[in-house]
Amino acid sequence: MMKYIITGIVLASFASIVYGFSLEEQQEDKAHQYIGGGTVGLFLVAMPLFLIKESKGKNMKNYMLTEENIKKMQNRGRDTQSTKIKKKN
C-alpha cells in the first residue's frame with residue numbers, strides 16, 4: 001500500500017514540475033510555485049517516506065560510521081589486498 005502512495009506522490013511531483021516548466025511567461029509566479037511544490041513533494045515528502053519504508057527491520061547500527069565499523073572496513077581491505085597478491089603469485 002505504501003509503495004503506491006509513494007509512487008503517486010512521485011508522479012504528482014514530476015507532473016507538477018513539468019507543468020511548471022510548460023507555463024507561459026505571463027504566469028511566471030505560478031510556474032515557480034508548481035516547480036517548487038513538485039520539488040518539495042519529491043525531496044521532503046516522497047524521499048523520507050521511501051527511506052522509512054525501505055529501512056524497516058534493518059539495524060541502523062550497521063550503517064553508522066563508528067570506530068568499530070571503520071576497523072572492520074580496514075580489515076576487509078587488507079584481507080582483499082592480500083588475497084589479490086596471493087592470486088598474482
# chains A, B, ... in the order shown; residues from 1 in each chain; ligands from 1
>>> residues_around(residues="region 7-11 of chain A", least_positions_apart="5", cutoff="7 Å", atoms="only C-alpha atoms", output="list in words")
Gly41, Leu42 and Ala46 of chain A
>>> write_last_selection(atoms="C-alpha atoms", output="short mmCIF file (atom, residue, chain, number, x, y, z; two decimals), in the first residue's frame")
data_model
loop_
_atom_site.label_atom_id
_atom_site.label_comp_id
_atom_site.auth_asym_id
_atom_site.auth_seq_id
_atom_site.Cartn_x
_atom_site.Cartn_y
_atom_site.Cartn_z
CA GLY A 41 6.98 16.80 -2.85
CA LEU A 42 9.95 14.82 -4.12
CA ALA A 46 8.44 11.13 -1.11
#
>>> closest_atom_pairs(of="region 2-62 of chain A", to="region 66-77 of chain A", cutoff="12 Å", atoms="only C-alpha atoms", output="tab-separated table")
residue	atom	partner	partner_atom	distance
A:Met60	CA	A:Thr66	CA	11.4
A:Lys61	CA	A:Thr66	CA	8.5
A:Asn62	CA	A:Asn69	CA	7.6
>>> write_last_selection(atoms="C-alpha atoms", output="compact mmCIF listing (two decimals), in the first residue's frame")
# COMPACT_ATOMS: atom_id res chain seq x y z
CA MET A 60 20.85 1.11 11.69
CA LYS A 61 23.98 0.47 13.76
CA ASN A 62 25.39 -1.48 10.82
>>> closest_residue(among="A:Ala31, A:Phe43, A:Lys56, A:Tyr4", to="Tyr19 (chain A)", atoms="only C-alpha atoms")
A:Ala31
>>> atom_distance(atom1="CA of Ala15 (chain A)", atom2="CA of Gly37 (chain A)")
10.4 Å
>>> atom_distance(atom1="CA of Ile35 (chain A)", atom2="CA of Ser22 (chain A)")
10.2 Å
>>> decode(residues="region 42-75 of chain A", atoms="N, CA and C atoms", output="PDB file, in the first residue's frame")
ATOM      1  N   LEU A  42       8.939  15.861  -3.903  1.00  0.00           N
ATOM      2  CA  LEU A  42       9.946  14.818  -4.122  1.00  0.00           C
ATOM      3  C   LEU A  42      10.889  14.655  -2.937  1.00  0.00           C
ATOM      4  N   PHE A  43      11.468  15.775  -2.493  1.00  0.00           N
ATOM      5  CA  PHE A  43      12.566  15.679  -1.542  1.00  0.00           C
ATOM      6  C   PHE A  43      12.159  15.753  -0.080  1.00  0.00           C
ATOM      7  N   LEU A  44      11.033  16.357   0.221  1.00  0.00           N
ATOM      8  CA  LEU A  44      10.635  16.461   1.629  1.00  0.00           C
ATOM      9  C   LEU A  44       9.476  15.547   1.992  1.00  0.00           C
ATOM     10  N   VAL A  45       8.850  14.927   1.000  1.00  0.00           N
ATOM     11  CA  VAL A  45       7.742  14.015   1.291  1.00  0.00           C
ATOM     12  C   VAL A  45       8.067  12.609   0.784  1.00  0.00           C
ATOM     13  N   ALA A  46       8.272  12.457  -0.525  1.00  0.00           N
ATOM     14  CA  ALA A  46       8.442  11.129  -1.113  1.00  0.00           C
ATOM     15  C   ALA A  46       9.735  10.441  -0.657  1.00  0.00           C
ATOM     16  N   MET A  47      10.844  11.179  -0.654  1.00  0.00           N
ATOM     17  CA  MET A  47      12.116  10.553  -0.282  1.00  0.00           C
ATOM     18  C   MET A  47      12.135  10.058   1.168  1.00  0.00           C
ATOM     19  N   PRO A  48      11.704  10.875   2.151  1.00  0.00           N
ATOM     20  CA  PRO A  48      11.674  10.348   3.522  1.00  0.00           C
ATOM     21  C   PRO A  48      10.729   9.151   3.679  1.00  0.00           C
ATOM     22  N   LEU A  49       9.566   9.190   3.023  1.00  0.00           N
ATOM     23  CA  LEU A  49       8.655   8.046   3.096  1.00  0.00           C
ATOM     24  C   LEU A  49       9.298   6.796   2.517  1.00  0.00           C
ATOM     25  N   PHE A  50       9.990   6.947   1.388  1.00  0.00           N
ATOM     26  CA  PHE A  50      10.677   5.814   0.781  1.00  0.00           C
ATOM     27  C   PHE A  50      11.764   5.268   1.714  1.00  0.00           C
ATOM     28  N   LEU A  51      12.551   6.159   2.300  1.00  0.00           N
ATOM     29  CA  LEU A  51      13.624   5.704   3.188  1.00  0.00           C
ATOM     30  C   LEU A  51      13.078   5.008   4.425  1.00  0.00           C
ATOM     31  N   ILE A  52      11.977   5.517   4.970  1.00  0.00           N
ATOM     32  CA  ILE A  52      11.355   4.867   6.128  1.00  0.00           C
ATOM     33  C   ILE A  52      10.857   3.483   5.740  1.00  0.00           C
ATOM     34  N   LYS A  53      10.208   3.389   4.592  1.00  0.00           N
ATOM     35  CA  LYS A  53       9.674   2.107   4.118  1.00  0.00           C
ATOM     36  C   LYS A  53      10.789   1.085   3.917  1.00  0.00           C
ATOM     37  N   GLU A  54      11.864   1.504   3.282  1.00  0.00           N
ATOM     38  CA  GLU A  54      12.945   0.573   2.959  1.00  0.00           C
ATOM     39  C   GLU A  54      13.823   0.216   4.154  1.00  0.00           C
ATOM     40  N   SER A  55      13.855   1.053   5.170  1.00  0.00           N
ATOM     41  CA  SER A  55      14.752   0.786   6.299  1.00  0.00           C
ATOM     42  C   SER A  55      14.076   0.020   7.426  1.00  0.00           C
ATOM     43  N   LYS A  56      12.803  -0.301   7.307  1.00  0.00           N
ATOM     44  CA  LYS A  56      12.123  -1.069   8.360  1.00  0.00           C
ATOM     45  C   LYS A  56      12.760  -2.429   8.506  1.00  0.00           C
ATOM     46  N   GLY A  57      13.035  -2.807   9.738  1.00  0.00           N
ATOM     47  CA  GLY A  57      13.601  -4.124  10.011  1.00  0.00           C
ATOM     48  C   GLY A  57      15.104  -4.215   9.849  1.00  0.00           C
ATOM     49  N   LYS A  58      15.748  -3.112   9.523  1.00  0.00           N
ATOM     50  CA  LYS A  58      17.204  -3.134   9.362  1.00  0.00           C
ATOM     51  C   LYS A  58      17.851  -2.501  10.584  1.00  0.00           C
ATOM     52  N   ASN A  59      18.999  -3.016  10.947  1.00  0.00           N
ATOM     53  CA  ASN A  59      19.730  -2.492  12.098  1.00  0.00           C
ATOM     54  C   ASN A  59      20.552  -1.280  11.642  1.00  0.00           C
ATOM     55  N   MET A  60      20.180  -0.119  12.119  1.00  0.00           N
ATOM     56  CA  MET A  60      20.851   1.113  11.688  1.00  0.00           C
ATOM     57  C   MET A  60      22.300   1.190  12.188  1.00  0.00           C
ATOM     58  N   LYS A  61      22.610   0.451  13.237  1.00  0.00           N
ATOM     59  CA  LYS A  61      23.977   0.474  13.759  1.00  0.00           C
ATOM     60  C   LYS A  61      24.970  -0.044  12.714  1.00  0.00           C
ATOM     61  N   ASN A  62      24.516  -0.939  11.862  1.00  0.00           N
ATOM     62  CA  ASN A  62      25.392  -1.479  10.816  1.00  0.00           C
ATOM     63  C   ASN A  62      25.776  -0.428   9.785  1.00  0.00           C
ATOM     64  N   TYR A  63      24.974   0.625   9.673  1.00  0.00           N
ATOM     65  CA  TYR A  63      25.204   1.647   8.655  1.00  0.00           C
ATOM     66  C   TYR A  63      25.849   2.906   9.229  1.00  0.00           C
ATOM     67  N   MET A  64      26.087   2.947  10.530  1.00  0.00           N
ATOM     68  CA  MET A  64      26.702   4.114  11.167  1.00  0.00           C
ATOM     69  C   MET A  64      28.215   4.007  11.040  1.00  0.00           C
ATOM     70  N   LEU A  65      28.874   5.139  10.943  1.00  0.00           N
ATOM     71  CA  LEU A  65      30.322   5.165  10.811  1.00  0.00           C
ATOM     72  C   LEU A  65      30.938   5.273  12.210  1.00  0.00           C
ATOM     73  N   THR A  66      31.032   4.127  12.884  1.00  0.00           N
ATOM     74  CA  THR A  66      31.610   4.075  14.225  1.00  0.00           C
ATOM     75  C   THR A  66      33.046   3.560  14.120  1.00  0.00           C
ATOM     76  N   GLU A  67      33.794   3.678  15.209  1.00  0.00           N
ATOM     77  CA  GLU A  67      35.181   3.184  15.191  1.00  0.00           C
ATOM     78  C   GLU A  67      35.225   1.691  14.905  1.00  0.00           C
ATOM     79  N   GLU A  68      34.282   0.962  15.465  1.00  0.00           N
ATOM     80  CA  GLU A  68      34.234  -0.484  15.252  1.00  0.00           C
ATOM     81  C   GLU A  68      34.022  -0.817  13.772  1.00  0.00           C
ATOM     82  N   ASN A  69      33.099  -0.108  13.129  1.00  0.00           N
ATOM     83  CA  ASN A  69      32.836  -0.360  11.712  1.00  0.00           C
ATOM     84  C   ASN A  69      34.000   0.091  10.832  1.00  0.00           C
ATOM     85  N   ILE A  70      34.673   1.161  11.210  1.00  0.00           N
ATOM     86  CA  ILE A  70      35.841   1.614  10.450  1.00  0.00           C
ATOM     87  C   ILE A  70      36.941   0.552  10.505  1.00  0.00           C
ATOM     88  N   LYS A  71      37.165  -0.021  11.677  1.00  0.00           N
ATOM     89  CA  LYS A  71      38.178  -1.078  11.812  1.00  0.00           C
ATOM     90  C   LYS A  71      37.809  -2.301  10.976  1.00  0.00           C
ATOM     91  N   LYS A  72      36.513  -2.648  10.964  1.00  0.00           N
ATOM     92  CA  LYS A  72      36.072  -3.783  10.142  1.00  0.00           C
ATOM     93  C   LYS A  72      36.357  -3.525   8.666  1.00  0.00           C
ATOM     94  N   MET A  73      36.070  -2.300   8.210  1.00  0.00           N
ATOM     95  CA  MET A  73      36.311  -1.965   6.802  1.00  0.00           C
ATOM     96  C   MET A  73      37.801  -2.008   6.480  1.00  0.00           C
ATOM     97  N   GLN A  74      38.624  -1.512   7.398  1.00  0.00           N
ATOM     98  CA  GLN A  74      40.070  -1.532   7.165  1.00  0.00           C
ATOM     99  C   GLN A  74      40.575  -2.967   7.099  1.00  0.00           C
ATOM    100  N   ASN A  75      40.078  -3.816   7.969  1.00  0.00           N
ATOM    101  CA  ASN A  75      40.500  -5.219   7.963  1.00  0.00           C
ATOM    102  C   ASN A  75      40.049  -5.921   6.688  1.00  0.00           C
TER     103      ASN A  75
END
